[in-house]
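Trainee: Okay, so here is work.tsv, and as you'll see once you scroll down, it has TSV, C-alpha atoms.
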chain	number	residue	atom	x	y	z
A	1	MET	CA	140.15	-4.10	279.07
A	2	ALA	CA	142.12	-7.20	279.76
A	3	GLY	CA	140.91	-8.51	276.46
A	4	ASP	CA	142.19	-5.38	274.75
A	5	VAL	CA	145.57	-5.90	276.38
A	6	GLU	CA	145.55	-9.52	275.26
A	7	SER	CA	144.65	-8.67	271.73
A	8	ARG	CA	147.16	-5.93	271.62
A	9	LYS	CA	149.72	-8.30	273.03
A	10	SER	CA	149.15	-10.87	270.29
A	11	PRO	CA	147.46	-9.29	267.27
A	12	ASP	CA	148.51	-12.23	265.03
A	13	PHE	CA	146.51	-14.77	267.05
A	14	GLY	CA	143.26	-12.80	266.74
A	15	ALA	CA	143.68	-12.34	263.01
A	16	ARG	CA	144.56	-16.01	262.52
A	17	PHE	CA	141.54	-17.09	264.62
A	18	LEU	CA	139.24	-14.90	262.58
A	19	SER	CA	140.64	-16.12	259.29
A	20	VAL	CA	140.35	-19.81	260.34
A	21	SER	CA	136.77	-19.42	261.53
A	22	ARG	CA	135.92	-17.50	258.35
A	23	ARG	CA	137.44	-20.30	256.29
A	24	ILE	CA	135.43	-22.91	258.20
A	25	GLY	CA	132.31	-20.85	257.70
A	26	MET	CA	133.00	-20.47	253.98
A	27	ALA	CA	133.63	-24.21	253.63
A	28	ALA	CA	130.41	-25.03	255.48
A	29	LEU	CA	128.48	-22.62	253.30
A	30	ALA	CA	130.01	-24.11	250.16
A	31	SER	CA	129.17	-27.65	251.33
A	32	CYS	CA	125.59	-26.65	252.04
A	33	LEU	CA	125.31	-25.07	248.60
A	34	ALA	CA	126.78	-28.18	246.97
A	35	VAL	CA	124.33	-30.43	248.82
A	36	LEU	CA	121.46	-28.13	247.89
A	37	LEU	CA	122.55	-28.16	244.25
A	38	LEU	CA	122.98	-31.93	244.24
A	39	CYS	CA	119.58	-32.40	245.79
A	40	ALA	CA	117.81	-30.00	243.45
A	41	GLY	CA	116.03	-33.03	242.00
A	42	CYS	CA	115.71	-34.83	245.32
A	43	SER	CA	112.72	-35.35	247.52
A	44	ARG	CA	112.90	-34.30	251.16
A	45	SER	CA	114.38	-37.69	252.08
A	46	GLY	CA	117.50	-37.02	250.02
A	47	VAL	CA	116.78	-39.46	247.19
A	48	PRO	CA	115.86	-38.55	243.62
A	49	SER	CA	112.12	-38.23	243.11
A	50	GLU	CA	110.34	-41.02	241.31
A	51	PRO	CA	110.30	-40.34	237.56
A	52	PRO	CA	106.68	-39.76	236.54
A	53	PRO	CA	105.24	-43.02	235.19
A	54	PRO	CA	104.45	-43.06	231.47
A	55	LYS	CA	100.82	-42.65	230.53
A	56	GLY	CA	99.06	-45.89	229.65
A	57	ILE	CA	100.80	-49.18	229.06
A	58	VAL	CA	104.07	-48.93	227.21
A	59	ASP	CA	105.55	-51.73	225.11
A	60	LEU	CA	108.97	-52.51	226.50
A	61	ASP	CA	111.88	-53.83	224.47
A	62	GLU	CA	115.50	-54.37	225.46
A	63	SER	CA	116.60	-50.75	225.00
A	64	GLY	CA	113.51	-49.52	226.83
A	65	TRP	CA	114.40	-51.81	229.71
A	66	GLU	CA	117.92	-50.34	229.89
A	67	ARG	CA	116.54	-46.78	229.81
A	68	LEU	CA	114.04	-47.61	232.51
A	69	ARG	CA	116.76	-49.00	234.78
A	70	ALA	CA	118.95	-45.95	234.21
A	71	GLN	CA	116.08	-43.57	235.00
A	72	GLN	CA	115.65	-45.15	238.42
A	73	HIS	CA	119.30	-44.79	239.44
A	74	GLY	CA	119.53	-43.54	243.01
A	75	ARG	CA	116.21	-45.13	243.97
A	76	VAL	CA	115.39	-48.62	245.15
A	77	LEU	CA	113.62	-50.39	242.30
A	78	LEU	CA	111.21	-53.31	242.44
A	79	VAL	CA	110.36	-54.90	239.07
A	80	ASN	CA	107.41	-57.27	238.86
A	81	PHE	CA	106.65	-59.59	235.93
A	82	TRP	CA	102.98	-60.56	235.81
A	83	ALA	CA	100.02	-61.28	233.53
A	84	THR	CA	96.27	-60.79	233.75
A	85	TRP	CA	95.73	-64.53	233.26
A	86	CYS	CA	98.11	-65.43	236.11
A	87	GLU	CA	96.11	-65.99	239.30
A	88	PRO	CA	98.99	-65.79	241.80
A	89	CYS	CA	100.13	-62.59	240.04
A	90	ARG	CA	96.71	-61.04	240.59
A	91	ASP	CA	96.69	-62.23	244.21
A	92	GLU	CA	100.10	-60.68	244.78
A	93	PHE	CA	99.36	-57.35	243.09
A	94	PRO	CA	97.68	-55.59	246.06
A	95	ASN	CA	100.89	-56.20	248.06
A	96	LEU	CA	102.88	-54.35	245.43
A	97	VAL	CA	100.44	-51.45	245.32
A	98	ARG	CA	100.51	-51.16	249.11
A	99	LEU	CA	104.31	-51.35	249.16
A	100	HIS	CA	104.58	-48.61	246.56
A	101	ASN	CA	102.09	-46.38	248.36
A	102	THR	CA	103.93	-46.85	251.65
A	103	TYR	CA	107.50	-46.35	250.46
A	104	ARG	CA	107.46	-44.35	247.24
A	105	SER	CA	108.16	-41.07	249.06
A	106	HIS	CA	111.06	-42.79	250.83
A	107	GLY	CA	112.85	-43.82	247.68
A	108	LEU	CA	111.07	-46.91	246.35
A	109	SER	CA	110.06	-47.12	242.70
A	110	LEU	CA	107.95	-49.89	241.27
A	111	VAL	CA	107.60	-51.10	237.72
A	112	ALA	CA	105.17	-53.77	236.53
A	113	ILE	CA	105.89	-55.62	233.29
A	114	SER	CA	102.98	-57.58	231.88
A	115	MET	CA	103.56	-60.75	229.88
A	116	ASP	CA	100.15	-60.50	228.25
A	117	GLU	CA	99.46	-60.74	224.56
A	118	PRO	CA	98.80	-57.44	222.71
A	119	GLU	CA	95.06	-58.12	222.53
A	120	SER	CA	94.90	-58.16	226.33
A	121	ARG	CA	95.78	-54.46	226.59
A	122	PRO	CA	92.21	-53.47	227.73
A	123	ALA	CA	92.31	-56.25	230.36
A	124	ILE	CA	95.66	-54.96	231.66
A	125	GLU	CA	94.34	-51.38	231.87
A	126	GLN	CA	91.19	-52.49	233.63
A	127	PHE	CA	93.08	-54.58	236.17
A	128	LEU	CA	95.60	-51.82	236.96
A	129	LYS	CA	92.77	-49.34	237.42
A	130	SER	CA	90.88	-51.68	239.75
A	131	GLN	CA	94.06	-52.05	241.83
A	132	GLY	CA	94.71	-48.31	241.99
A	133	ALA	CA	98.23	-48.84	240.66
A	134	ASN	CA	100.02	-45.56	240.06
A	135	PHE	CA	103.41	-46.81	238.92
A	136	GLY	CA	104.99	-47.45	235.55
A	137	SER	CA	103.23	-50.23	233.66
A	138	TYR	CA	104.72	-51.94	230.67
A	139	ARG	CA	104.01	-54.87	228.39
A	140	GLN	CA	106.92	-57.05	227.46
A	141	GLN	CA	107.94	-56.94	223.85
A	142	PHE	CA	111.48	-58.15	224.13
A	143	LYS	CA	113.09	-59.39	220.95
A	144	ASP	CA	114.77	-62.17	222.90
A	145	PHE	CA	112.94	-62.91	226.12
A	146	GLU	CA	115.30	-65.69	227.05
A	147	ALA	CA	118.37	-63.45	226.81
A	148	LEU	CA	116.62	-60.83	228.91
A	149	VAL	CA	115.70	-63.38	231.60
A	150	ASN	CA	119.32	-64.49	231.72
A	151	SER	CA	120.54	-60.92	231.96
A	152	ILE	CA	118.22	-60.24	234.91
A	153	ASN	CA	118.96	-63.44	236.82
A	154	PRO	CA	120.25	-66.62	235.15
A	155	ARG	CA	118.56	-68.61	237.91
A	156	TRP	CA	115.12	-67.30	237.03
A	157	GLY	CA	113.29	-70.20	235.41
A	158	GLY	CA	110.89	-67.94	233.51
A	159	GLY	CA	107.92	-68.50	235.82
A	160	ILE	CA	105.63	-65.67	236.88
A	161	PRO	CA	104.97	-63.90	239.10
A	162	ALA	CA	108.62	-62.98	239.38
A	163	THR	CA	109.89	-59.92	241.22
A	164	PHE	CA	113.38	-58.42	241.29
A	165	LEU	CA	114.72	-55.93	243.79
A	166	TYR	CA	117.52	-53.52	242.84
A	167	ASP	CA	119.37	-51.30	245.29
A	168	ARG	CA	120.08	-47.58	244.78
A	169	GLU	CA	123.17	-48.37	242.72
A	170	GLY	CA	121.15	-50.60	240.41
A	171	ARG	CA	122.52	-53.90	241.74
A	172	LEU	CA	120.17	-56.90	241.93
A	173	VAL	CA	119.69	-57.68	245.61
A	174	GLN	CA	116.84	-60.19	245.73
A	175	SER	CA	114.65	-62.28	243.42
A	176	TRP	CA	111.32	-63.93	244.05
A	177	GLN	CA	109.41	-66.40	241.93
A	178	GLY	CA	105.84	-67.07	243.01
A	179	ALA	CA	103.41	-64.85	244.90
A	180	THR	CA	105.10	-62.96	247.73
A	181	SER	CA	103.60	-61.31	250.81
A	182	PHE	CA	103.74	-57.61	251.65
A	183	GLU	CA	105.82	-58.38	254.75
A	184	GLU	CA	108.37	-60.35	252.79
A	185	PHE	CA	108.76	-57.56	250.25
A	186	GLU	CA	108.88	-54.95	252.99
A	187	SER	CA	111.61	-56.67	254.99
A	188	ALA	CA	113.82	-56.78	251.89
A	189	VAL	CA	113.03	-53.25	250.68
A	190	LYS	CA	113.29	-51.34	253.97
A	191	PRO	CA	117.02	-51.85	254.68
A	192	LEU	CA	117.85	-50.52	251.20
A	193	LEU	CA	116.01	-47.24	251.63
A	194	PRO	CA	117.92	-44.26	253.04
A	195	ARG	CA	117.69	-44.59	256.85
A	196	ARG	CA	116.57	-40.99	257.30
A	197	ALA	CA	113.61	-41.54	255.01
A	198	VAL	CA	112.42	-44.66	256.83
A	199	GLU	CA	112.90	-43.10	260.29
A	200	LYS	CA	110.91	-40.09	259.19
A	201	SER	CA	108.05	-42.40	258.20
A	202	LYS	CA	108.05	-43.93	261.70
A	203	SER	CA	107.75	-40.60	263.49
B	204	MET	CA	143.85	-53.48	268.19
B	205	SER	CA	141.13	-51.21	266.83
B	206	ARG	CA	142.32	-52.00	263.32
B	207	ILE	CA	141.81	-55.71	264.01
B	208	ARG	CA	138.37	-54.98	265.43
B	209	ILE	CA	137.44	-52.95	262.33
B	210	SER	CA	138.64	-55.78	260.05
B	211	VAL	CA	136.63	-58.33	262.03
B	212	VAL	CA	133.52	-56.15	261.89
B	213	CYS	CA	134.01	-55.52	258.15
B	214	GLY	CA	134.60	-59.22	257.52
B	215	LEU	CA	131.49	-60.14	259.46
B	216	GLY	CA	129.52	-57.49	257.60
B	217	LEU	CA	130.69	-58.79	254.24
B	218	PHE	CA	129.87	-62.35	255.27
B	219	LEU	CA	126.38	-61.34	256.38
B	220	LEU	CA	125.92	-59.44	253.11
B	221	TRP	CA	127.05	-62.49	251.15
B	222	THR	CA	124.68	-64.82	253.00
B	223	ALA	CA	121.87	-62.29	252.54
B	224	CYS	CA	122.59	-62.22	248.80
B	225	GLN	CA	122.61	-66.01	248.67
B	226	ALA	CA	119.32	-66.19	250.54
B	227	GLY	CA	117.84	-63.73	248.10
B	228	ASP	CA	118.53	-65.80	245.04
B	229	LEU	CA	116.28	-68.28	243.28
B	230	PRO	CA	116.86	-72.03	243.65
B	231	GLY	CA	117.52	-72.77	239.93
B	232	ALA	CA	117.66	-76.20	238.30
B	233	LYS	CA	119.09	-78.97	240.46
B	234	ILE	CA	120.24	-81.15	237.62
B	235	LYS	CA	122.50	-79.96	234.83
B	236	VAL	CA	122.65	-80.95	231.19
B	237	GLY	CA	125.12	-83.85	230.88
B	238	GLU	CA	124.20	-85.32	234.27
B	239	LYS	CA	122.34	-88.59	234.78
B	240	VAL	CA	118.72	-88.45	235.91
B	241	GLU	CA	118.16	-90.96	238.70
B	242	ASP	CA	115.11	-93.23	238.68
B	243	PHE	CA	111.91	-92.13	240.36
B	244	THR	CA	108.47	-93.64	240.89
B	245	LEU	CA	105.18	-91.73	240.84
B	246	PRO	CA	101.53	-92.76	240.53
B	247	ASP	CA	99.54	-92.10	237.36
B	248	VAL	CA	96.01	-90.64	237.46
B	249	ASN	CA	94.61	-94.06	238.39
B	250	GLY	CA	97.05	-94.50	241.24
B	251	THR	CA	99.23	-97.05	239.42
B	252	PRO	CA	102.93	-96.46	240.15
B	253	HIS	CA	105.32	-95.95	237.24
B	254	SER	CA	109.10	-95.66	237.27
B	255	LEU	CA	111.18	-93.60	234.88
B	256	TYR	CA	113.43	-96.57	234.18
B	257	GLU	CA	110.42	-98.59	232.94
B	258	PHE	CA	111.15	-96.79	229.70
B	259	GLN	CA	114.52	-98.49	229.35
B	260	GLY	CA	115.12	-99.12	225.65
B	261	LYS	CA	113.62	-95.85	224.44
B	262	GLN	CA	115.83	-93.59	222.36
B	263	ALA	CA	114.81	-90.58	224.42
B	264	VAL	CA	112.36	-89.67	227.17
B	265	ALA	CA	110.83	-86.22	227.52
B	266	VAL	CA	109.50	-85.42	230.98
B	267	ILE	CA	107.18	-82.42	230.83
B	268	PHE	CA	105.99	-80.56	233.92
B	269	MET	CA	102.48	-79.46	233.07
B	270	ALA	CA	99.39	-77.96	234.65
B	271	THR	CA	95.63	-78.05	234.25
B	272	ARG	CA	94.97	-74.39	235.10
B	273	CYS	CA	98.06	-72.55	233.85
B	274	PRO	CA	97.17	-70.73	230.62
B	275	VAL	CA	100.72	-71.08	229.30
B	276	SER	CA	100.77	-74.82	229.89
B	277	ASN	CA	97.32	-75.05	228.32
B	278	GLY	CA	98.56	-73.02	225.36
B	279	PHE	CA	101.05	-75.85	224.78
B	280	ASN	CA	98.59	-78.78	225.13
B	281	HIS	CA	98.49	-79.35	221.38
B	282	VAL	CA	102.30	-79.09	221.24
B	283	MET	CA	102.66	-81.82	223.90
B	284	ALA	CA	100.09	-84.04	222.17
B	285	SER	CA	101.71	-83.70	218.76
B	286	LEU	CA	105.18	-84.21	220.22
B	287	ALA	CA	104.10	-87.52	221.78
B	288	HIS	CA	102.34	-88.54	218.56
B	289	ASP	CA	105.04	-87.50	216.08
B	290	TYR	CA	107.97	-89.03	217.94
B	291	GLN	CA	106.34	-92.23	219.21
B	292	SER	CA	107.43	-94.20	216.16
B	293	ARG	CA	110.99	-92.92	216.60
B	294	GLY	CA	111.32	-94.46	220.05
B	295	VAL	CA	110.57	-91.40	222.12
B	296	ALA	CA	108.38	-91.49	225.24
B	297	VAL	CA	106.65	-88.40	226.59
B	298	ILE	CA	105.77	-88.37	230.29
B	299	GLY	CA	103.73	-85.56	231.81
B	300	ILE	CA	104.11	-84.67	235.47
B	301	ASN	CA	101.65	-82.56	237.40
B	302	ALA	CA	103.29	-81.21	240.58
B	303	ASN	CA	100.76	-78.50	241.44
B	304	LYS	CA	99.23	-79.00	244.86
B	305	THR	CA	96.23	-76.94	243.74
B	306	GLU	CA	95.29	-79.40	240.97
B	307	PRO	CA	93.83	-82.68	242.27
B	308	VAL	CA	94.44	-85.95	240.47
B	309	SER	CA	90.79	-86.19	239.29
B	310	GLU	CA	91.21	-82.80	237.59
B	311	VAL	CA	94.45	-83.95	235.98
B	312	ALA	CA	92.68	-87.03	234.55
B	313	GLU	CA	89.75	-84.99	233.25
B	314	HIS	CA	92.06	-82.37	231.75
B	315	ALA	CA	94.04	-85.06	229.89
B	316	ARG	CA	90.83	-86.54	228.47
B	317	ALA	CA	89.42	-83.18	227.44
B	318	HIS	CA	92.62	-82.14	225.67
B	319	GLU	CA	93.41	-85.57	224.21
B	320	LEU	CA	96.75	-85.76	225.96
B	321	ASP	CA	97.41	-89.33	225.01
B	322	PHE	CA	100.58	-89.97	227.00
B	323	LEU	CA	101.40	-91.10	230.53
B	324	ILE	CA	100.70	-88.43	233.14
B	325	LEU	CA	102.01	-88.80	236.68
B	326	LYS	CA	101.02	-86.95	239.82
B	327	ASP	CA	103.92	-85.59	241.88
B	328	GLU	CA	101.95	-85.05	245.08
B	329	GLY	CA	104.84	-84.10	247.38
B	330	ASP	CA	106.91	-82.40	244.62
B	331	GLN	CA	109.63	-84.98	245.17
B	332	VAL	CA	110.55	-85.18	241.47
B	333	ALA	CA	109.99	-81.47	240.81
B	334	ASP	CA	112.31	-80.72	243.72
B	335	ARG	CA	114.90	-83.27	242.69
B	336	LEU	CA	115.10	-81.95	239.14
B	337	GLY	CA	114.60	-78.33	240.18
B	338	ALA	CA	111.58	-77.80	237.93
B	339	SER	CA	110.05	-74.40	238.55
B	340	VAL	CA	107.57	-73.71	235.76
B	341	THR	CA	104.80	-75.24	233.68
B	342	PRO	CA	105.39	-76.15	230.95
B	343	GLU	CA	109.02	-77.16	231.43
B	344	VAL	CA	110.75	-80.11	229.77
B	345	PHE	CA	113.64	-82.36	230.80
B	346	LEU	CA	114.85	-84.42	227.85
B	347	MET	CA	116.95	-87.53	228.45
B	348	ASP	CA	118.71	-89.84	226.03
B	349	SER	CA	118.74	-93.66	226.23
B	350	THR	CA	121.31	-93.58	229.04
B	351	TRP	CA	119.18	-91.21	231.17
B	352	THR	CA	121.62	-88.40	230.58
B	353	LEU	CA	119.92	-85.00	230.55
B	354	ARG	CA	120.40	-83.58	227.05
B	355	TYR	CA	118.01	-80.65	227.02
B	356	HIS	CA	116.17	-78.64	229.67
B	357	GLY	CA	113.76	-75.76	229.23
B	358	ALA	CA	110.94	-74.66	227.00
B	359	LEU	CA	108.92	-76.76	224.62
B	360	GLY	CA	109.06	-73.81	222.25
B	361	ASN	CA	108.76	-70.01	222.00
B	362	SER	CA	111.65	-69.45	224.39
B	363	HIS	CA	112.58	-66.23	222.58
B	364	GLN	CA	109.05	-64.93	222.27
B	365	PRO	CA	106.89	-66.36	225.05
B	366	THR	CA	103.17	-66.69	224.56
B	367	ASN	CA	100.14	-68.51	225.91
B	368	ASN	CA	98.23	-68.18	222.66
B	369	PRO	CA	97.76	-71.69	221.18
B	370	ASP	CA	97.79	-70.19	217.67
B	371	LYS	CA	101.33	-68.99	218.24
B	372	THR	CA	102.85	-71.73	220.40
B	373	ASN	CA	105.25	-74.20	218.85
B	374	GLY	CA	107.53	-77.04	219.91
B	375	ASP	CA	110.56	-75.71	218.08
B	376	ASP	CA	112.98	-75.75	221.01
B	377	VAL	CA	112.38	-79.33	222.16
B	378	ARG	CA	111.99	-80.70	218.63
B	379	ALA	CA	115.38	-79.30	217.63
B	380	ALA	CA	116.92	-80.90	220.72
B	381	LEU	CA	115.12	-84.22	220.13
B	382	ASP	CA	116.23	-84.40	216.51
B	383	ASN	CA	119.83	-83.96	217.62
B	384	VAL	CA	119.54	-86.58	220.37
B	385	LEU	CA	118.01	-89.09	217.92
B	386	ALA	CA	120.78	-88.38	215.44
B	387	GLY	CA	123.39	-88.95	218.18
B	388	ARG	CA	124.49	-85.33	218.10
B	389	PRO	CA	124.73	-83.03	221.12
B	390	ALA	CA	121.86	-80.58	221.32
B	391	GLU	CA	122.89	-77.28	219.73
B	392	VAL	CA	120.88	-75.43	222.35
B	393	ALA	CA	120.84	-77.57	225.48
B	394	GLU	CA	119.12	-75.07	227.74
B	395	THR	CA	116.39	-72.52	227.25
B	396	LYS	CA	114.11	-70.59	229.59
B	397	ALA	CA	110.76	-72.23	230.15
B	398	PHE	CA	108.40	-69.29	230.46
B	399	GLY	CA	105.16	-70.15	232.28
B	400	CYS	CA	103.40	-70.40	235.62
B	401	SER	CA	105.39	-71.14	238.77
B	402	ILE	CA	104.79	-74.66	240.05
B	403	LYS	CA	102.52	-74.46	243.08
B	404	ARG	CA	104.47	-76.53	245.54
B	405	GLY	CA	102.96	-78.25	248.54
B	406	ASN	CA	105.33	-76.78	251.12
Turn the structure described in the file into structure tokens.
Mentor:
Amino acid sequence: MAGDVESRKSPDFGARFLSVSRRIGMAALASCLAVLLLCAGCSRSGVPSEPPPPKGIVDLDESGWERLRAQQHGRVLLVNFWATWCEPCRDEFPNLVRLHNTYRSHGLSLVAISMDEPESRPAIEQFLKSQGANFGSYRQQFKDFEALVNSINPRWGGGIPATFLYDREGRLVQSWQGATSFEEFESAVKPLLPRRAVEKSKS
Amino acid sequence: MSRIRISVVCGLGLFLLWTACQAGDLPGAKIKVGEKVEDFTLPDVNGTPHSLYEFQGKQAVAVIFMATRCPVSNGFNHVMASLAHDYQSRGVAVIGINANKTEPVSEVAEHARAHELDFLILKDEGDQVADRLGASVTPEVFLMDSTWTLRYHGALGNSHQPTNNPDKTNGDDVRAALDNVLAGRPAEVAETKAFGCSIKRGN
């Protein structure tokens, strides 16, 4: 009853309260919808899903490299340059496969670019299969390798294995030349992944 | 007060980010084209010490970091041999340096014999010269003129289209630089990327 008296006493306040709360509700609903729409192509961790890797080994030139980088926008990207004849590259490869398997659902993409000659295509395929690699695999066919190396990192001497880590905005964060351990890769990759995704993996 | 604290925290954050970025980069070459290469002494495959400045009076000296097991370096064996042979009469000395901890001196000697590498080869056991010059790859060349000034640094050849196939390798990059040095002209291209295997350092 007292409430009735109150509301009767100040009808404006009640109406204003209702309209404010309705507005807040509407805004919240709109925000949720926007987030849902934005994340239509996102995985549950809030990052875009990994673009499906191309089938087989794709020859990669300069424009292909640019496309590849653009496709991975929003995800952390690790790019590895290797060759079947390169022993440290082969030693390092299981670390990359493990890293990809551990963090791909949390926003990490991996791309391997082979420096092999065209006739080594069967050897590349065989090696990737033996490693259980399920990420994008390419063979370099850059028109100007030197220019590409400089565009990636002018300090890269051209030695392989070489691995480059890009953050979710596509900025180069770290470079390695020489075989690198899983732990070293992991400690550089983890801070770049969305925190929610990594925490989820812990639980 | 809180504004100051925020600025300090932001500043610290940026500094940490900057140091992290620095730590994540590659070492790069220590010596730059135009700088003087200081003398060094290393043993040859028989243990006899040789100094760089022993070659005083030469028109140019090409120091090539090479390997016994790297397929790229091996793809360039004939290029190194012909370079030493073709330019000997023009006052050019070629010196090979093996700085790979994984390749013992006996292997270096045997490799030179087997591939008819008829020039002085030194063993850089502790990577002191590789570190001083900032060599990172095999094969990688440092070309000096008669005053020990670095005039060219990088690939022997194929810098635009890297390969380890001996049928395709050439010495175009270093030969162009050498011809300019011998003619008293600055090298048109003083730096290229030396694609190859990372030097296996002892540390």
Trainee: From the set B:Thr372, B:Asn367, B:Asn280, B:Ser339, which residue has the shortest atom-to-atom contact distance to Trp156 in chain A, counting only C-alpha atoms?
Mentor: B:Ser339
Trainee: In Å, how far is it from CA of Leu148 in chain A to CA of Asp116 in chain A?
Mentor: 16.5 Å
Trainee: Pull out every residue of chain A sitting within 6 Å of chain B, counting only C-alpha atoms, and send them as a ChimeraX atom specification.
Mentor: /A:144-146,155,157-160,174-175,178
Trainee: In Å to one decimal, how far is CA of Leu255 in chain B from CA of Ala333 in chain B?
Mentor: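 CA of Leu255 in chain B lies at a distance of 13.6 Å from CA of Ala333 in chain B.
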Trainee: Between CA of Pro154 in chain A and CA of Lys233 in chain B, what distance in Å does the model show, to one decimal?
Mentor: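 Taking CA of Pro154 in chain A as the start and CA of Lys233 in chain B as the end point, the length is 13.5 Å.
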Trainee: Neighbouring residues of Glu319 in chain B were defined as those with any atom within 12 Å, considering all atoms listed in the file; residues of the same chain fewer than 6 positions away were excluded. Please report them as an mmCIF file with C-alpha atoms, keeping the file's coordinate frame.
Mentor:
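Saved the output as result.cif:
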data_model
loop_
_atom_site.group_PDB
_atom_site.id
_atom_site.type_symbol
_atom_site.label_atom_id
_atom_site.label_comp_id
_atom_site.auth_asym_id
_atom_site.auth_seq_id
_atom_site.Cartn_x
_atom_site.Cartn_y
_atom_site.Cartn_z
ATOM 1 C CA ASN B 277 97.320 -75.050 228.320
ATOM 2 C CA ASN B 280 98.590 -78.780 225.130
ATOM 3 C CA HIS B 281 98.490 -79.350 221.380
ATOM 4 C CA VAL B 282 102.300 -79.090 221.240
ATOM 5 C CA MET B 283 102.660 -81.820 223.900
ATOM 6 C CA ALA B 284 100.090 -84.040 222.170
ATOM 7 C CA SER B 285 101.710 -83.700 218.760
ATOM 8 C CA ALA B 287 104.100 -87.520 221.780
ATOM 9 C CA HIS B 288 102.340 -88.540 218.560
ATOM 10 C CA VAL B 311 94.450 -83.950 235.980
ATOM 11 C CA ALA B 312 92.680 -87.030 234.550
ATOM 12 C CA GLU B 313 89.750 -84.990 233.250
#
Trainee: For a cut-off of 12 Å around (113.8, -85.9, 218.8), file coordinates, pick out all residues using all atoms listed in the file and list them as a ChimeraX atom specification.
Mentor: /B:261-265,286-297,346-349,354-355,359,374-390
Trainee: Would you output that residue set with C-alpha atoms, as a CSV table (one decimal), in the frame of the given file?
Mentor:
chain,number,residue,atom,x,y,z
B,261,LYS,CA,113.6,-95.8,224.4
B,262,GLN,CA,115.8,-93.6,222.4
B,263,ALA,CA,114.8,-90.6,224.4
B,264,VAL,CA,112.4,-89.7,227.2
B,265,ALA,CA,110.8,-86.2,227.5
B,286,LEU,CA,105.2,-84.2,220.2
B,287,ALA,CA,104.1,-87.5,221.8
B,288,HIS,CA,102.3,-88.5,218.6
B,289,ASP,CA,105.0,-87.5,216.1
B,290,TYR,CA,108.0,-89.0,217.9
B,291,GLN,CA,106.3,-92.2,219.2
B,292,SER,CA,107.4,-94.2,216.2
B,293,ARG,CA,111.0,-92.9,216.6
B,294,GLY,CA,111.3,-94.5,220.0
B,295,VAL,CA,110.6,-91.4,222.1
B,296,ALA,CA,108.4,-91.5,225.2
B,297,VAL,CA,106.6,-88.4,226.6
B,346,LEU,CA,114.8,-84.4,227.8
B,347,MET,CA,117.0,-87.5,228.4
B,348,ASP,CA,118.7,-89.8,226.0
B,349,SER,CA,118.7,-93.7,226.2
B,354,ARG,CA,120.4,-83.6,227.0
B,355,TYR,CA,118.0,-80.6,227.0
B,359,LEU,CA,108.9,-76.8,224.6
B,374,GLY,CA,107.5,-77.0,219.9
B,375,ASP,CA,110.6,-75.7,218.1
B,376,ASP,CA,113.0,-75.8,221.0
B,377,VAL,CA,112.4,-79.3,222.2
B,378,ARG,CA,112.0,-80.7,218.6
B,379,ALA,CA,115.4,-79.3,217.6
B,380,ALA,CA,116.9,-80.9,220.7
B,381,LEU,CA,115.1,-84.2,220.1
B,382,ASP,CA,116.2,-84.4,216.5
B,383,ASN,CA,119.8,-84.0,217.6
B,384,VAL,CA,119.5,-86.6,220.4
B,385,LEU,CA,118.0,-89.1,217.9
B,386,ALA,CA,120.8,-88.4,215.4
B,387,GLY,CA,123.4,-89.0,218.2
B,388,ARG,CA,124.5,-85.3,218.1
B,389,PRO,CA,124.7,-83.0,221.1
B,390,ALA,CA,121.9,-80.6,221.3
Trainee: Using all atoms listed in the file, which residues sit within 8 Å of Thr163 in chain A once same-chain residues fewer than 5 positions away are excluded, as a PyMOL selection string?
Mentor: chain A and resi 78-81+175-177
Trainee: Pick the closest to Gly250 in chain B from B:Ile324, B:Gly405, B:Gln331, B:Lys371: which is it, counting only C-alpha atoms?
Mentor: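 Looking only at the distances to Gly250 in chain B, the closest residue turns out to be B:Ile324.
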Trainee: Measuring atom to atom with only C-alpha atoms, identify which of A:Lys55, A:Pro194, A:Phe182, A:Glu62 is nearest to Gln140 in chain A.
Mentor: A:Glu62
Trainee: Point out the residue among B:Glu391, B:Glu241, B:Asp370, B:Glu306 with the least atom-to-atom distance to Asp327 in chain B, counting only C-alpha atoms.
Mentor: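 The answer is B:Glu306, which sits nearest to Asp327 in chain B.
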Trainee: For Asp61 in chain A, which residue out of A:Ala188, A:Gln131, A:Ile113, A:Ala162 is the nearest one, using only C-alpha atoms?
Mentor: A:Ile113
Trainee: Could I get range 165-169 of chain A from the block written out with N, CA and C atoms, as an mmCIF file, in the first residue's frame?
Mentor:
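part_30.cif written:
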data_model
loop_
_atom_site.group_PDB
_atom_site.id
_atom_site.type_symbol
_atom_site.label_atom_id
_atom_site.label_comp_id
_atom_site.auth_asym_id
_atom_site.auth_seq_id
_atom_site.Cartn_x
_atom_site.Cartn_y
_atom_site.Cartn_z
ATOM 1 N N LEU A 165 57.468 -14.818 -35.374
ATOM 2 C CA LEU A 165 56.216 -14.791 -34.611
ATOM 3 C C LEU A 165 55.526 -13.440 -34.801
ATOM 4 N N TYR A 166 54.269 -13.504 -35.254
ATOM 5 C CA TYR A 166 53.469 -12.289 -35.450
ATOM 6 C C TYR A 166 52.326 -12.268 -34.443
ATOM 7 N N ASP A 167 52.025 -11.072 -33.914
ATOM 8 C CA ASP A 167 50.913 -10.982 -32.968
ATOM 9 C C ASP A 167 49.589 -10.899 -33.723
ATOM 10 N N ARG A 168 48.489 -10.690 -32.989
ATOM 11 C CA ARG A 168 47.154 -10.762 -33.608
ATOM 12 C C ARG A 168 46.896 -9.602 -34.562
ATOM 13 N N GLU A 169 47.709 -8.561 -34.437
ATOM 14 C CA GLU A 169 47.567 -7.426 -35.368
ATOM 15 C C GLU A 169 48.523 -7.575 -36.549
#
